[in-house]
Amino acid sequence: HALSTYTIGSGTLDDRRIEDEQRTAYANVTRDLRGRWPLSLKAGLDLRQSRRLCRGGQQTINYVGADGRASTTPATQAGLVNDDSPLPFLDTAYSERIPDFGLPKQQQVDNNKLWEGYGKNPTHWTRNANTEYTSATNASKRAQEIISSLYFRTDVALFQNRLKLTGGVRAEQTNIRAEGPLTDPTLAFQRDSAGAVVFQRNANGGFILNAAGQRLPVLLQPTTAGLPYTQLTLKDRGYQAKKEYLRLFPSINAGYNITENLIARAAYYETVGRPDFNQYAGGLTVPNIEVFNPNDRITVNNVSIKAWQAKTYMARFEYYFGRVGQLSFNYFVRDFENFFQNVTSPSTPGFLEAYGLDEESYGEYLVVTQFNSPIGVRMKGFEIDYKQALTFLPNWANGVQFFANISSQRARGTDNFQDMNPFTCNWGFSISRPKWNLRLSENYRGIQRRGLITGASIEPGTYNYRPKRLYIDVTGEYYLRRNLGLFFAMRNLNGATEDQKTYGPTTPAYAKFRARASSAAVAWKSGVRSLQAEEIW
């Protein structure tokens, strides 16, 4: 646990710059038709443009000290502390911290001191230009998405406004352009030019071959390692992708007043889940086709993947206790299509054509990418919501309101949903007064099954889990005057932790625990709030 028994090996600088730009434009028109059945017609359009630019990367710097030699031993042969010891960078404050689980104190390195030391003595560190170029090029990406939409909506009220119907359709045209890194080993060989003899040609251009039929490398001293070779075969934004698709989204909502206090609602609507920008700008890596290796793969994020789509059927009942409360029950069924799935499969002519790859040269390689799953997924869920002002209490307890919410959603036979909540329950009460208010809430989340764990010697059916947990939160305000007040908020008053477990069907109980997030401890916040300033914002 003492830094004197260690040496400094290397450090990592992570400099990433991401720029996101959003532009929107929209217009709509509405026409109300008065008659026996009140009818409202509405049409509109909107244009949304999203652009993301990524630059940067990781830089690994190796510590060699004043003598210019790296060391893995904390002492010299004479028993003296060598110049690669981390002791000069000791974090004295953090090293006094007592760890969890009964562990003793551990000395730690102060990253600020380490960074200052690098600035003062850069010759004590070495850098690798090749790895820095690779990291920066792989992080260099650009993507632009334009969504053009037209929609039509109609609202009608029937049976003396007891039945209200809202329906319409939305058409969305999506256009995407993206650029990412290109890794192609064939770029290290000479191509044909004026006066050169070409012995073979493919879709990637003609290669110059020598008398023995071998390709001539660009470099005089060919090697597959080092910066010159990497700069030839790894191109900054050398991969470009285009994608467009048109989708229609119909929807209909109905609400019927069964009684004055009871309302029944039903709805059908469709939604879409678009791929992340990295799906289009993630880059392309192709194998070296000069020598066939059955273990080589074409690795790419599939630009041809479809956005997943869901159809939702919903029914809801709402009951109102006059003006003092509400009880509602909501049930839904949601059918998903075209979920994203990571696969390794044989290449197809259509897939190779989309990336400009010759079928004769690359058709025998497997492709590592994402495809749309042909298996549909059905999710079911419900929600019960209740809130009511406790008007039966004495006058001194006026303003007390109780609330509770129970919800659940499940989808079986799939690993695509990693953050589903099979069961959650929230309850509490609030008190409102002219000069102050107070709210206490308890939030319970049941166990969550997350990602599937696979690998050698790992039992089938092994997953990561988030165990159940209960948070207690308290918030309050006190008004000094109409537009100025004090506030406080205490999150996780009971100090519940956010744990992680990993286990399979036969994992013993003692081996399930994996990690605990101490950041889930009690969080306090208080201050002065200007209501006037909030209204301006």
# chains A, B, ... in the order shown; residues from 1 in each chain; ligands from 1

call {"tool": "residues_around", "arguments": {"residues": "stretch 484-490 of chain A", "least_positions_apart": "2", "cutoff": "8 Å", "atoms": "only C-alpha atoms", "output": "list in words"}}
result
Asp473, Val474, Thr475, Gly476, Glu477, Tyr478, Tyr479, Leu480, Arg481, Arg482, Asn492, Leu493, Val522, Ala523, Trp524, Lys525, Ser526, Gly527, Val528, Arg529, Ser530, Leu531 and Gln532 of chain A

call {"tool": "residues_around", "arguments": {"residues": "A:Gln160", "least_positions_apart": "4", "cutoff": "10 Å", "atoms": "only C-alpha atoms", "output": "number ranges by chain"}}
result
A: 36-38, 164

call {"tool": "residues_around", "arguments": {"residues": "stretch 277-284 of chain A", "least_positions_apart": "6", "cutoff": "7 Å", "atoms": "only C-alpha atoms", "output": "PDB file with all heavy atoms, in the first residue's frame"}}
result
ATOM      1  N   LYS A 141     -14.485  12.164 -36.561  1.00  0.00           N
ATOM      2  CA  LYS A 141     -15.725  11.758 -37.218  1.00  0.00           C
ATOM      3  C   LYS A 141     -16.607  12.982 -37.457  1.00  0.00           C
ATOM      4  O   LYS A 141     -16.519  13.984 -36.745  1.00  0.00           O
ATOM      5  CB  LYS A 141     -16.486  10.739 -36.366  1.00  0.00           C
ATOM      6  CG  LYS A 141     -15.704   9.472 -36.065  1.00  0.00           C
ATOM      7  CD  LYS A 141     -16.409   8.572 -35.081  1.00  0.00           C
ATOM      8  CE  LYS A 141     -15.555   7.370 -34.731  1.00  0.00           C
ATOM      9  NZ  LYS A 141     -16.212   6.487 -33.737  1.00  0.00           N
ATOM     10  N   ARG A 142     -17.458  12.868 -38.442  1.00  0.00           N
ATOM     11  CA  ARG A 142     -18.422  13.917 -38.742  1.00  0.00           C
ATOM     12  C   ARG A 142     -19.724  13.274 -39.193  1.00  0.00           C
ATOM     13  O   ARG A 142     -19.714  12.324 -39.979  1.00  0.00           O
ATOM     14  CB  ARG A 142     -17.905  14.850 -39.842  1.00  0.00           C
ATOM     15  CG  ARG A 142     -18.881  15.958 -40.229  1.00  0.00           C
ATOM     16  CD  ARG A 142     -18.361  16.765 -41.411  1.00  0.00           C
ATOM     17  NE  ARG A 142     -19.268  17.834 -41.774  1.00  0.00           N
ATOM     18  CZ  ARG A 142     -20.321  17.698 -42.579  1.00  0.00           C
ATOM     19  NH1 ARG A 142     -20.596  16.496 -43.099  1.00  0.00           N
ATOM     20  NH2 ARG A 142     -21.095  18.720 -42.859  1.00  0.00           N
ATOM     21  N   ALA A 143     -20.834  13.770 -38.701  1.00  0.00           N
ATOM     22  CA  ALA A 143     -22.135  13.232 -39.095  1.00  0.00           C
ATOM     23  C   ALA A 143     -23.156  14.361 -39.139  1.00  0.00           C
ATOM     24  O   ALA A 143     -23.133  15.277 -38.303  1.00  0.00           O
ATOM     25  CB  ALA A 143     -22.597  12.151 -38.125  1.00  0.00           C
ATOM     26  N   ALA A 178     -22.167  11.083 -43.443  1.00  0.00           N
ATOM     27  CA  ALA A 178     -21.214  10.865 -42.352  1.00  0.00           C
ATOM     28  C   ALA A 178     -19.830  10.562 -42.911  1.00  0.00           C
ATOM     29  O   ALA A 178     -19.688  10.076 -44.043  1.00  0.00           O
ATOM     30  CB  ALA A 178     -21.687   9.722 -41.453  1.00  0.00           C
ATOM     31  N   GLU A 179     -18.830  10.859 -42.105  1.00  0.00           N
ATOM     32  CA  GLU A 179     -17.442  10.565 -42.443  1.00  0.00           C
ATOM     33  C   GLU A 179     -16.757   9.988 -41.216  1.00  0.00           C
ATOM     34  O   GLU A 179     -17.026  10.408 -40.091  1.00  0.00           O
ATOM     35  CB  GLU A 179     -16.699  11.842 -42.886  1.00  0.00           C
ATOM     36  CG  GLU A 179     -17.279  12.496 -44.122  1.00  0.00           C
ATOM     37  CD  GLU A 179     -16.617  13.825 -44.421  1.00  0.00           C
ATOM     38  OE1 GLU A 179     -15.888  14.328 -43.534  1.00  0.00           O
ATOM     39  OE2 GLU A 179     -16.821  14.362 -45.522  1.00  0.00           O
ATOM     40  N   GLY A 180     -15.881   9.028 -41.452  1.00  0.00           N
ATOM     41  CA  GLY A 180     -15.155   8.391 -40.361  1.00  0.00           C
ATOM     42  C   GLY A 180     -13.830   7.848 -40.838  1.00  0.00           C
ATOM     43  O   GLY A 180     -13.464   7.980 -42.019  1.00  0.00           O
ATOM     44  N   PRO A 181     -13.070   7.197 -39.956  1.00  0.00           N
ATOM     45  CA  PRO A 181     -11.748   6.677 -40.340  1.00  0.00           C
ATOM     46  C   PRO A 181     -11.851   5.490 -41.295  1.00  0.00           C
ATOM     47  O   PRO A 181     -12.769   4.681 -41.202  1.00  0.00           O
ATOM     48  CB  PRO A 181     -11.143   6.258 -38.997  1.00  0.00           C
ATOM     49  CG  PRO A 181     -12.324   5.967 -38.125  1.00  0.00           C
ATOM     50  CD  PRO A 181     -13.383   6.934 -38.539  1.00  0.00           C
ATOM     51  N   LEU A 182     -10.887   5.401 -42.187  1.00  0.00           N
ATOM     52  CA  LEU A 182     -10.793   4.285 -43.124  1.00  0.00           C
ATOM     53  C   LEU A 182      -9.476   3.555 -42.895  1.00  0.00           C
ATOM     54  O   LEU A 182      -8.408   4.170 -42.934  1.00  0.00           O
ATOM     55  CB  LEU A 182     -10.863   4.784 -44.564  1.00  0.00           C
ATOM     56  CG  LEU A 182     -10.556   3.736 -45.657  1.00  0.00           C
ATOM     57  CD1 LEU A 182     -11.611   2.641 -45.650  1.00  0.00           C
ATOM     58  CD2 LEU A 182     -10.441   4.387 -47.025  1.00  0.00           C
ATOM     59  N   THR A 183      -9.567   2.249 -42.641  1.00  0.00           N
ATOM     60  CA  THR A 183      -8.374   1.412 -42.484  1.00  0.00           C
ATOM     61  C   THR A 183      -8.330   0.416 -43.632  1.00  0.00           C
ATOM     62  O   THR A 183      -9.193  -0.456 -43.741  1.00  0.00           O
ATOM     63  CB  THR A 183      -8.402   0.659 -41.143  1.00  0.00           C
ATOM     64  OG1 THR A 183      -8.496   1.602 -40.071  1.00  0.00           O
ATOM     65  CG2 THR A 183      -7.138  -0.173 -40.968  1.00  0.00           C
ATOM     66  N   TYR A 239     -13.477   7.351 -44.880  1.00  0.00           N
ATOM     67  CA  TYR A 239     -14.707   6.580 -45.089  1.00  0.00           C
ATOM     68  C   TYR A 239     -15.891   7.536 -45.098  1.00  0.00           C
ATOM     69  O   TYR A 239     -16.024   8.394 -44.207  1.00  0.00           O
ATOM     70  CB  TYR A 239     -14.858   5.553 -43.977  1.00  0.00           C
ATOM     71  CG  TYR A 239     -16.264   5.026 -43.794  1.00  0.00           C
ATOM     72  CD1 TYR A 239     -16.804   4.110 -44.692  1.00  0.00           C
ATOM     73  CD2 TYR A 239     -17.046   5.457 -42.722  1.00  0.00           C
ATOM     74  CE1 TYR A 239     -18.097   3.635 -44.509  1.00  0.00           C
ATOM     75  CE2 TYR A 239     -18.332   4.982 -42.547  1.00  0.00           C
ATOM     76  CZ  TYR A 239     -18.846   4.076 -43.435  1.00  0.00           C
ATOM     77  OH  TYR A 239     -20.118   3.607 -43.270  1.00  0.00           O
ATOM     78  N   ALA A 241     -20.240   7.871 -45.831  1.00  0.00           N
ATOM     79  CA  ALA A 241     -21.489   7.109 -45.886  1.00  0.00           C
ATOM     80  C   ALA A 241     -22.654   8.050 -46.115  1.00  0.00           C
ATOM     81  O   ALA A 241     -22.648   9.202 -45.662  1.00  0.00           O
ATOM     82  CB  ALA A 241     -21.693   6.325 -44.591  1.00  0.00           C
ATOM     83  N   THR A 299     -14.760  -5.065 -40.841  1.00  0.00           N
ATOM     84  CA  THR A 299     -15.401  -4.494 -39.660  1.00  0.00           C
ATOM     85  C   THR A 299     -15.954  -3.119 -40.006  1.00  0.00           C
ATOM     86  O   THR A 299     -15.212  -2.235 -40.452  1.00  0.00           O
ATOM     87  CB  THR A 299     -14.409  -4.376 -38.491  1.00  0.00           C
ATOM     88  OG1 THR A 299     -13.841  -5.670 -38.225  1.00  0.00           O
ATOM     89  CG2 THR A 299     -15.097  -3.861 -37.246  1.00  0.00           C
ATOM     90  N   VAL A 300     -17.240  -2.943 -39.797  1.00  0.00           N
ATOM     91  CA  VAL A 300     -17.878  -1.682 -40.162  1.00  0.00           C
ATOM     92  C   VAL A 300     -19.198  -1.557 -39.402  1.00  0.00           C
ATOM     93  O   VAL A 300     -19.827  -2.554 -39.057  1.00  0.00           O
ATOM     94  CB  VAL A 300     -18.136  -1.626 -41.688  1.00  0.00           C
ATOM     95  CG1 VAL A 300     -19.130  -2.687 -42.109  1.00  0.00           C
ATOM     96  CG2 VAL A 300     -18.620  -0.244 -42.111  1.00  0.00           C
ATOM     97  N   ASN A 301     -19.581  -0.338 -39.124  1.00  0.00           N
ATOM     98  CA  ASN A 301     -20.926  -0.075 -38.629  1.00  0.00           C
ATOM     99  C   ASN A 301     -21.847   0.006 -39.835  1.00  0.00           C
ATOM    100  O   ASN A 301     -21.596   0.779 -40.766  1.00  0.00           O
ATOM    101  CB  ASN A 301     -20.982   1.230 -37.830  1.00  0.00           C
ATOM    102  CG  ASN A 301     -20.332   1.088 -36.474  1.00  0.00           C
ATOM    103  OD1 ASN A 301     -20.112  -0.020 -36.001  1.00  0.00           O
ATOM    104  ND2 ASN A 301     -20.008   2.196 -35.852  1.00  0.00           N
ATOM    105  N   ASN A 302     -22.893  -0.763 -39.830  1.00  0.00           N
ATOM    106  CA  ASN A 302     -23.742  -0.953 -41.001  1.00  0.00           C
ATOM    107  C   ASN A 302     -24.562   0.302 -41.298  1.00  0.00           C
ATOM    108  O   ASN A 302     -25.525   0.614 -40.601  1.00  0.00           O
ATOM    109  CB  ASN A 302     -24.667  -2.146 -40.765  1.00  0.00           C
ATOM    110  CG  ASN A 302     -25.467  -2.495 -42.011  1.00  0.00           C
ATOM    111  OD1 ASN A 302     -25.308  -1.889 -43.060  1.00  0.00           O
ATOM    112  ND2 ASN A 302     -26.324  -3.490 -41.880  1.00  0.00           N
ATOM    113  N   VAL A 303     -24.164   1.021 -42.354  1.00  0.00           N
ATOM    114  CA  VAL A 303     -24.895   2.223 -42.733  1.00  0.00           C
ATOM    115  C   VAL A 303     -26.281   1.894 -43.288  1.00  0.00           C
ATOM    116  O   VAL A 303     -27.169   2.737 -43.322  1.00  0.00           O
ATOM    117  CB  VAL A 303     -24.070   3.028 -43.757  1.00  0.00           C
ATOM    118  CG1 VAL A 303     -23.998   2.279 -45.075  1.00  0.00           C
ATOM    119  CG2 VAL A 303     -24.655   4.409 -43.960  1.00  0.00           C
TER     120      VAL A 303
END

call {"tool": "select_by_dssp", "arguments": {"residues": "stretch 176-334 of chain A", "states": "alpha helix (DSSP H)", "output": "ChimeraX atom specification"}}
result
/A:227-233,278-281

call {"tool": "write_last_selection", "arguments": {"atoms": "C-alpha atoms", "output": "CSV table (one decimal), in the first residue's frame"}}
result
chain,number,residue,atom,x,y,z
A,227,LEU,CA,4.0,6.0,-38.3
A,228,PRO,CA,4.7,6.1,-42.1
A,229,TYR,CA,2.9,2.8,-42.7
A,230,THR,CA,-0.1,3.9,-40.5
A,231,GLN,CA,-0.4,7.2,-42.3
A,232,LEU,CA,-0.7,5.3,-45.6
A,233,THR,CA,-3.3,2.8,-44.5
A,278,ASN,CA,-21.5,6.5,-34.7
A,279,GLN,CA,-23.5,3.9,-36.7
A,280,TYR,CA,-22.8,6.0,-39.8
A,281,ALA,CA,-19.4,7.6,-38.9

call {"tool": "select_by_dssp", "arguments": {"residues": "stretch 259-359 of chain A", "states": "strand (DSSP E)", "output": "PyMOL selection string"}}
result
chain A and resi 262-273+284-285+297-300+308-320+325-337+340-346

call {"tool": "residues_around", "arguments": {"residues": "stretch 369-383 of chain A", "least_positions_apart": "2", "cutoff": "6 Å", "atoms": "only C-alpha atoms", "output": "ChimeraX atom specification"}}
result
/A:300-302,305,329-343,406-411

call {"tool": "atom_distance", "arguments": {"atom1": "atom CA of A:Leu234", "atom2": "atom CA of A:Ala188"}}
result
9.8 Å

call {"tool": "residues_around", "arguments": {"residues": "A:Pro88", "least_positions_apart": "2", "cutoff": "9 Å", "atoms": "only C-alpha atoms", "output": "ChimeraX atom specification"}}
result
/A:85-86,90,109,113-114

call {"tool": "atom_distance", "arguments": {"atom1": "atom CA of A:Asp236", "atom2": "atom CA of A:Gln59"}}
result
16.9 Å

call {"tool": "residues_around", "arguments": {"residues": "A:Val29", "least_positions_apart": "4", "cutoff": "7 Å", "atoms": "only C-alpha atoms", "output": "ChimeraX atom specification"}}
result
/A:42-44

call {"tool": "closest_residue", "arguments": {"among": "A:Arg34, A:Leu103, A:Gln173, A:Gln221", "to": "A:Asp155", "atoms": "only C-alpha atoms"}}
result
A:Arg34

call {"tool": "residues_around", "arguments": {"residues": "A:Pro349", "least_positions_apart": "3", "cutoff": "8 Å", "atoms": "only C-alpha atoms", "output": "list in words"}}
result
Leu352, Glu353, Glu359 and Gly363 of chain A
